file coords-v1.txt (compact mmCIF, C-alpha atoms)
# COMPACT_ATOMS: atom_id res chain seq x y z
CA MET A 289 0.00 0.00 0.00
CA SER A 290 1.47 3.37 -1.01
CA LYS A 291 2.10 6.03 1.60
CA PRO A 292 0.06 9.24 1.49
CA LEU A 293 1.83 12.13 -0.22
CA ILE A 294 1.78 15.28 1.92
CA GLY A 295 2.56 18.74 0.57
CA VAL A 296 4.67 20.78 3.00
CA MET A 297 4.65 24.57 2.69
CA PRO A 298 8.16 25.98 2.32
CA LEU A 299 9.96 28.23 4.78
CA TRP A 300 11.39 31.41 3.23
CA ASP A 301 14.68 33.11 4.10
CA GLU A 302 14.42 36.70 2.88
CA GLY A 303 18.10 37.45 3.51
CA LYS A 304 19.32 34.50 1.44
CA LYS A 305 16.42 34.66 -1.03
CA SER A 306 15.94 30.93 -0.64
CA ILE A 307 13.51 28.35 0.70
CA TRP A 308 14.54 26.05 3.56
CA MET A 309 12.99 23.48 5.87
CA LEU A 310 13.10 22.32 9.49
CA PRO A 311 13.68 18.55 9.44
CA GLY A 312 11.11 17.94 12.20
CA TYR A 313 8.22 18.71 9.86
CA LEU A 314 9.43 16.08 7.41
CA GLU A 315 10.53 13.47 9.93
CA GLY A 316 7.31 13.84 11.93
CA ILE A 317 5.38 12.99 8.77
CA ARG A 318 7.75 10.15 7.78
CA GLU A 319 7.65 8.51 11.20
CA ALA A 320 3.85 8.65 11.11
CA GLY A 321 3.80 6.81 7.77
CA GLY A 322 3.57 9.61 5.22
CA THR A 323 5.79 10.88 2.42
CA PRO A 324 6.49 14.65 2.65
CA VAL A 325 7.07 16.82 -0.41
CA ILE A 326 8.27 20.42 -0.03
CA PHE A 327 6.36 22.80 -2.31
CA PRO A 328 8.21 25.53 -4.20
CA LEU A 329 7.40 29.09 -3.16
CA THR A 330 4.99 30.19 -5.85
CA GLU A 331 1.65 31.87 -6.37
CA ASP A 332 1.19 30.42 -9.86
CA LYS A 333 -2.36 29.05 -9.85
CA GLU A 334 -1.88 26.31 -12.45
CA GLU A 335 1.33 25.09 -10.84
CA LEU A 336 -0.28 24.95 -7.38
CA GLU A 337 -3.38 23.18 -8.66
CA GLN A 338 -1.20 20.53 -10.29
CA LEU A 339 0.85 20.06 -7.14
CA CYS A 340 -2.22 19.96 -4.90
CA SER A 341 -3.91 17.37 -7.11
CA LEU A 342 -1.01 15.00 -6.44
CA CYS A 343 -1.21 15.31 -2.65
CA ASN A 344 -3.38 13.58 -0.07
CA GLY A 345 -2.89 16.28 2.56
CA PHE A 346 -1.09 19.50 3.41
CA LEU A 347 1.10 20.72 6.27
CA ILE A 348 0.96 24.49 6.81
CA THR A 349 4.24 25.36 8.51
CA GLY A 350 5.58 28.25 10.58
CA GLY A 351 7.32 31.32 9.17
CA GLN A 352 6.85 35.04 8.74
CA ASP A 353 4.03 37.08 10.26
CA VAL A 354 0.67 36.99 8.52
CA ASP A 355 -0.05 40.20 6.60
CA PRO A 356 -2.61 42.12 8.72
CA ALA A 357 -4.27 43.33 5.50
CA ILE A 358 -5.76 39.83 5.30
CA TYR A 359 -7.78 40.52 8.46
CA ARG A 360 -8.29 44.19 7.59
CA GLU A 361 -5.91 45.79 10.07
CA THR A 362 -3.01 48.23 9.81
CA PRO A 363 0.42 46.93 10.85
CA ILE A 364 1.65 48.04 14.27
CA PRO A 365 5.36 48.87 14.81
CA GLN A 366 5.97 45.50 16.52
CA MET A 367 4.92 43.55 13.43
CA GLY A 368 7.62 41.31 11.98
CA GLU A 369 8.57 40.52 8.41
CA ILE A 370 5.83 39.30 6.07
CA CYS A 371 6.03 37.19 2.91
CA THR A 372 3.28 38.16 0.47
CA VAL A 373 3.95 35.25 -1.89
CA LEU A 374 3.65 32.75 0.98
CA ASP A 375 0.37 34.34 2.10
CA GLN A 376 -1.07 34.11 -1.42
CA MET A 377 0.27 30.59 -1.93
CA GLU A 378 -1.21 29.26 1.29
CA HIS A 379 -4.53 30.91 0.46
CA GLN A 380 -4.70 28.89 -2.76
CA VAL A 381 -3.56 25.65 -1.12
CA LEU A 382 -6.02 25.94 1.76
CA LYS A 383 -8.85 26.93 -0.55
CA TYR A 384 -8.16 23.80 -2.61
CA ALA A 385 -7.83 21.55 0.46
CA ILE A 386 -11.06 22.77 2.03
CA LYS A 387 -13.00 22.50 -1.24
CA GLU A 388 -11.71 18.97 -1.92
CA ASP A 389 -11.94 17.99 1.78
CA LYS A 390 -8.29 16.96 1.97
CA ALA A 391 -6.50 16.75 5.30
CA VAL A 392 -4.73 19.83 6.66
CA LEU A 393 -2.49 20.30 9.70
CA GLY A 394 -1.44 23.85 10.57
CA ILE A 395 1.42 24.54 12.99
CA CYS A 396 2.17 27.94 14.60
CA ARG A 397 1.81 30.35 11.67
CA GLY A 398 -0.43 27.63 10.24
CA ILE A 399 -3.15 28.19 12.85
CA GLN A 400 -2.75 31.95 12.47
CA TYR A 401 -3.02 31.98 8.68
CA LEU A 402 -5.93 29.52 8.66
CA ASN A 403 -7.83 31.71 11.13
CA ALA A 404 -7.10 34.94 9.23
CA MET A 405 -8.00 33.45 5.85
CA LEU A 406 -11.34 32.20 7.16
CA GLY A 407 -12.35 35.58 8.55
CA GLY A 408 -10.77 35.73 12.01
CA SER A 409 -8.16 38.18 13.30
CA LEU A 410 -4.80 38.01 15.06
CA TYR A 411 -2.87 39.66 17.83
CA GLN A 412 -0.05 41.25 15.86
CA ASP A 413 2.26 41.18 18.87
CA LEU A 414 1.41 39.49 22.17
CA ASN A 415 3.77 41.57 24.31
CA VAL A 416 1.90 44.73 23.32
CA GLN A 417 -1.64 43.47 22.72
CA HIS A 418 -1.96 40.53 25.13
CA PRO A 419 0.69 40.82 27.86
CA SER A 420 0.78 37.97 30.38
CA LYS A 421 3.10 35.93 32.59
CA THR A 422 2.76 32.89 30.32
CA GLU A 423 5.88 32.36 28.21
CA HIS A 424 4.96 32.15 24.52
CA HIS A 425 8.40 32.91 23.06
CA MET A 426 10.66 30.37 24.76
CA GLU A 427 14.43 29.99 24.58
CA PRO A 428 15.97 26.72 23.30
CA PRO A 429 15.90 23.78 23.75
CA TYR A 430 12.46 23.67 22.16
CA ASP A 431 11.57 20.05 22.96
CA ARG A 432 10.49 20.84 26.53
CA VAL A 433 7.31 22.01 28.22
CA ILE A 434 7.08 25.77 28.79
CA HIS A 435 3.38 26.14 29.64
CA GLN A 436 0.12 24.19 29.90
CA VAL A 437 -2.92 24.16 27.64
CA GLN A 438 -6.43 23.10 28.56
CA ILE A 439 -7.95 20.72 26.02
CA ILE A 440 -11.69 21.09 25.49
CA ASP A 441 -13.53 18.02 26.76
CA GLY A 442 -15.08 16.06 23.90
CA SER A 443 -13.12 17.85 21.17
CA PRO A 444 -11.34 15.76 18.51
CA LEU A 445 -8.01 16.59 20.17
CA HIS A 446 -9.34 15.34 23.51
CA GLN A 447 -10.61 12.16 21.86
CA LEU A 448 -7.16 11.61 20.34
CA LEU A 449 -4.94 12.40 23.32
CA GLN A 450 -7.31 11.37 26.13
CA VAL A 451 -6.12 14.21 28.41
CA THR A 452 -7.67 17.54 29.41
CA GLU A 453 -4.36 19.27 30.19
CA LEU A 454 -1.21 19.17 28.11
CA GLY A 455 2.27 20.61 28.55
CA VAL A 456 3.53 22.22 25.35
CA ASN A 457 6.48 24.12 23.92
CA SER A 458 5.81 27.62 22.57
CA TYR A 459 7.60 29.96 20.17
CA HIS A 460 5.44 32.71 18.67
CA HIS A 461 4.64 36.40 19.07
CA GLN A 462 1.32 36.41 17.20
CA ALA A 463 -1.85 34.45 17.98
CA VAL A 464 -5.56 34.08 17.26
CA LYS A 465 -7.56 37.07 18.53
CA THR A 466 -11.03 36.75 17.02
CA LEU A 467 -11.88 33.18 15.99
CA ALA A 468 -13.04 32.57 12.42
CA PRO A 469 -16.74 31.53 12.26
CA SER A 470 -16.01 28.15 10.66
CA LEU A 471 -13.44 27.12 13.29
CA THR A 472 -13.98 25.59 16.72
CA VAL A 473 -11.52 25.78 19.61
CA MET A 474 -9.90 22.53 20.82
CA ALA A 475 -7.42 23.96 23.35
CA GLU A 476 -6.60 27.19 25.20
CA SER A 477 -3.50 28.42 27.04
CA GLU A 478 -3.30 29.38 30.71
CA ASP A 479 -3.78 33.03 29.76
CA GLY A 480 -6.75 32.45 27.48
CA LEU A 481 -5.19 32.25 24.03
CA VAL A 482 -6.54 29.87 21.40
CA GLU A 483 -4.01 27.02 21.09
CA ALA A 484 -5.77 24.50 18.82
CA VAL A 485 -8.70 24.60 16.38
CA TYR A 486 -10.52 22.43 13.86
CA MET A 487 -13.20 22.72 11.18
CA PRO A 488 -16.16 20.60 12.32
CA LYS A 489 -17.63 20.28 8.82
CA LYS A 490 -14.45 18.83 7.32
CA ASN A 491 -12.81 15.43 7.58
CA TYR A 492 -9.57 16.77 9.06
CA VAL A 493 -8.60 20.43 9.19
CA TRP A 494 -6.66 20.86 12.44
CA ALA A 495 -4.18 23.49 13.60
CA VAL A 496 -2.11 23.97 16.75
CA GLN A 497 -0.17 26.95 18.06
CA TRP A 498 2.65 24.92 19.62
CA HIS A 499 5.39 22.96 17.82
CA PRO A 500 5.00 19.17 17.62
CA GLU A 501 7.70 19.14 14.93
CA LEU A 502 10.22 20.19 17.60
CA SER A 503 9.05 17.74 20.26
CA TYR A 504 7.85 14.60 18.44
CA GLN A 505 11.04 12.67 19.30
CA THR A 506 10.49 13.02 23.05
CA ASP A 507 6.74 13.61 23.38
CA LYS A 508 4.17 10.90 22.62
CA TYR A 509 1.37 13.44 22.27
CA SER A 510 3.23 15.26 19.50
CA ARG A 511 3.68 11.94 17.71
CA LYS A 512 -0.04 11.21 18.08
CA ILE A 513 -0.89 14.49 16.36
CA PHE A 514 1.31 13.62 13.38
CA GLU A 515 -0.13 10.09 13.33
CA SER A 516 -3.72 11.34 13.29
CA PHE A 517 -2.90 13.76 10.47
CA VAL A 518 -1.19 11.15 8.30
CA ALA A 519 -4.01 8.67 8.98
CA ALA A 520 -6.52 11.27 7.77
CA CYS A 521 -4.51 11.61 4.54
CA LYS A 522 -4.93 7.93 3.63

call {"tool": "encode", "arguments": {"input": "coords-v1.txt", "output": "structure tokens"}}
result
Amino acid sequence: MSKPLIGVMPLWDEGKKSIWMLPGYLEGIREAGGTPVIFPLTEDKEELEQLCSLCNGFLITGGQDVDPAIYRETPIPQMGEICTVLDQMEHQVLKYAIKEDKAVLGICRGIQYLNAMLGGSLYQDLNVQHPSKTEHHMEPPYDRVIHQVQIIDGSPLHQLLQVTELGVNSYHHQAVKTLAPSLTVMAESEDGLVEAVYMPKKNYVWAVQWHPELSYQTDKYSRKIFESFVAACK
């Protein structure tokens, strides 16, 4: 039986003008039984449609800040670098995946972009717009617990992990502010931030704010997330 082919969104290095990739995204998929394929950075519609048609699922990775124009806001001074091509590319990929009901897993920026694309909004910078004592921008090593999240009882994530509290790593300065209408919360942080979402009307469109790709080697719950995603791609 062939392994599901999973399109992985590229990471972009503006300084080097090149795409790159964290191995954890790829190895997390491989260890769960999938075959990852890194997409080129492009907004060419025909090229993306051809690539998407070959894939059984899509991993929306981390990266630059989401352009606030997508959720109709003006950038604040604390905004980081954006990548317009990546925003437009992920819009096309997610639109295809949702229409065709193909599996999607969003990680970090992935949850943020999914929420913004579907009509939600973001905190552009947590230190300014949502200050708290919870550490969301941890120092390395990244495969350790830095704060807890509460998992919503009865949610798909709760059904998978069978726990109502989970220790996670955390490395982000933006987050979901207003939830998109088509998304439902699966987990929240100690200070009330949305940490995991899904689309109830789809087979598998999940996204998490933490980084299972950095902790899957040591954390069974991170491995379970990758396993559930790859299983949904079959």

call {"tool": "residues_around", "arguments": {"input": "coords-v1.txt", "residues": "Tyr504 in chain A", "least_positions_apart": "4", "cutoff": "12 Å", "atoms": "all atoms listed in the file", "output": "list in words"}}
result
Pro311, Gly312, Tyr313, Leu314, Glu315, Gly316, Ile317, Arg318, Glu319, Ala320, Tyr430, Asp431, Arg432, Val456, Asn457, Trp498, His499, Pro500, Lys508, Tyr509, Ser510, Arg511, Lys512, Ile513, Phe514 and Glu515 of chain A

call {"tool": "write_last_selection", "arguments": {"input": "coords-v1.txt", "atoms": "C-alpha atoms", "output": "mmCIF file, in the coordinates of the input"}}
result
data_model
loop_
_atom_site.group_PDB
_atom_site.id
_atom_site.type_symbol
_atom_site.label_atom_id
_atom_site.label_comp_id
_atom_site.auth_asym_id
_atom_site.auth_seq_id
_atom_site.Cartn_x
_atom_site.Cartn_y
_atom_site.Cartn_z
ATOM 1 C CA PRO A 311 13.680 18.550 9.440
ATOM 2 C CA GLY A 312 11.110 17.940 12.200
ATOM 3 C CA TYR A 313 8.220 18.710 9.860
ATOM 4 C CA LEU A 314 9.430 16.080 7.410
ATOM 5 C CA GLU A 315 10.530 13.470 9.930
ATOM 6 C CA GLY A 316 7.310 13.840 11.930
ATOM 7 C CA ILE A 317 5.380 12.990 8.770
ATOM 8 C CA ARG A 318 7.750 10.150 7.780
ATOM 9 C CA GLU A 319 7.650 8.510 11.200
ATOM 10 C CA ALA A 320 3.850 8.650 11.110
ATOM 11 C CA TYR A 430 12.460 23.670 22.160
ATOM 12 C CA ASP A 431 11.570 20.050 22.960
ATOM 13 C CA ARG A 432 10.490 20.840 26.530
ATOM 14 C CA VAL A 456 3.530 22.220 25.350
ATOM 15 C CA ASN A 457 6.480 24.120 23.920
ATOM 16 C CA TRP A 498 2.650 24.920 19.620
ATOM 17 C CA HIS A 499 5.390 22.960 17.820
ATOM 18 C CA PRO A 500 5.000 19.170 17.620
ATOM 19 C CA LYS A 508 4.170 10.900 22.620
ATOM 20 C CA TYR A 509 1.370 13.440 22.270
ATOM 21 C CA SER A 510 3.230 15.260 19.500
ATOM 22 C CA ARG A 511 3.680 11.940 17.710
ATOM 23 C CA LYS A 512 -0.040 11.210 18.080
ATOM 24 C CA ILE A 513 -0.890 14.490 16.360
ATOM 25 C CA PHE A 514 1.310 13.620 13.380
ATOM 26 C CA GLU A 515 -0.130 10.090 13.330
#

call {"tool": "atom_distance", "arguments": {"input": "coords-v1.txt", "atom1": "CA of Trp300 in chain A", "atom2": "CA of Gln505 in chain A"}}
result
24.7 Å

call {"tool": "residues_around", "arguments": {"input": "coords-v1.txt", "residues": "range 346-351 of chain A", "least_positions_apart": "3", "cutoff": "9 Å", "atoms": "only C-alpha atoms", "output": "JSON, numbers by chain"}}
result
{"A": [293, 294, 295, 296, 297, 298, 299, 300, 313, 324, 340, 343, 354, 370, 371, 378, 381, 382, 385, 390, 391, 392, 393, 394, 395, 396, 397, 398, 399, 401, 402, 495, 499, 521]}

call {"tool": "atom_distance", "arguments": {"input": "coords-v1.txt", "atom1": "CA of Asp413 in chain A", "atom2": "CA of His425 in chain A"}}
result
11.1 Å

call {"tool": "closest_residue", "arguments": {"input": "coords-v1.txt", "among": "A:Gln497, A:Gln417, A:Ser477, A:Gln438", "to": "Val451 in chain A", "atoms": "all atoms listed in the file"}}
result
A:Gln438

call {"tool": "closest_residue", "arguments": {"input": "coords-v1.txt", "among": "A:Gln462, A:Gln400, A:Thr452, A:Ser503", "to": "Met367 in chain A", "atoms": "only C-alpha atoms"}}
result
A:Gln462

call {"tool": "residues_around", "arguments": {"input": "coords-v1.txt", "residues": "Lys291 in chain A", "least_positions_apart": "6", "cutoff": "7 Å", "atoms": "all atoms listed in the file", "output": "compact mmCIF listing (two decimals) with C-alpha atoms, keeping the file's coordinate frame"}}
result
# COMPACT_ATOMS: atom_id res chain seq x y z
CA GLY A 321 3.80 6.81 7.77
CA GLY A 322 3.57 9.61 5.22
CA THR A 323 5.79 10.88 2.42

call {"tool": "closest_residue", "arguments": {"input": "coords-v1.txt", "among": "A:Lys333, A:His461, A:Lys489, A:His435", "to": "Val416 in chain A", "atoms": "only C-alpha atoms"}}
result
A:His461

call {"tool": "atom_distance", "arguments": {"input": "coords-v1.txt", "atom1": "CA of Ser306 in chain A", "atom2": "CA of Thr362 in chain A"}}
result
27.7 Å
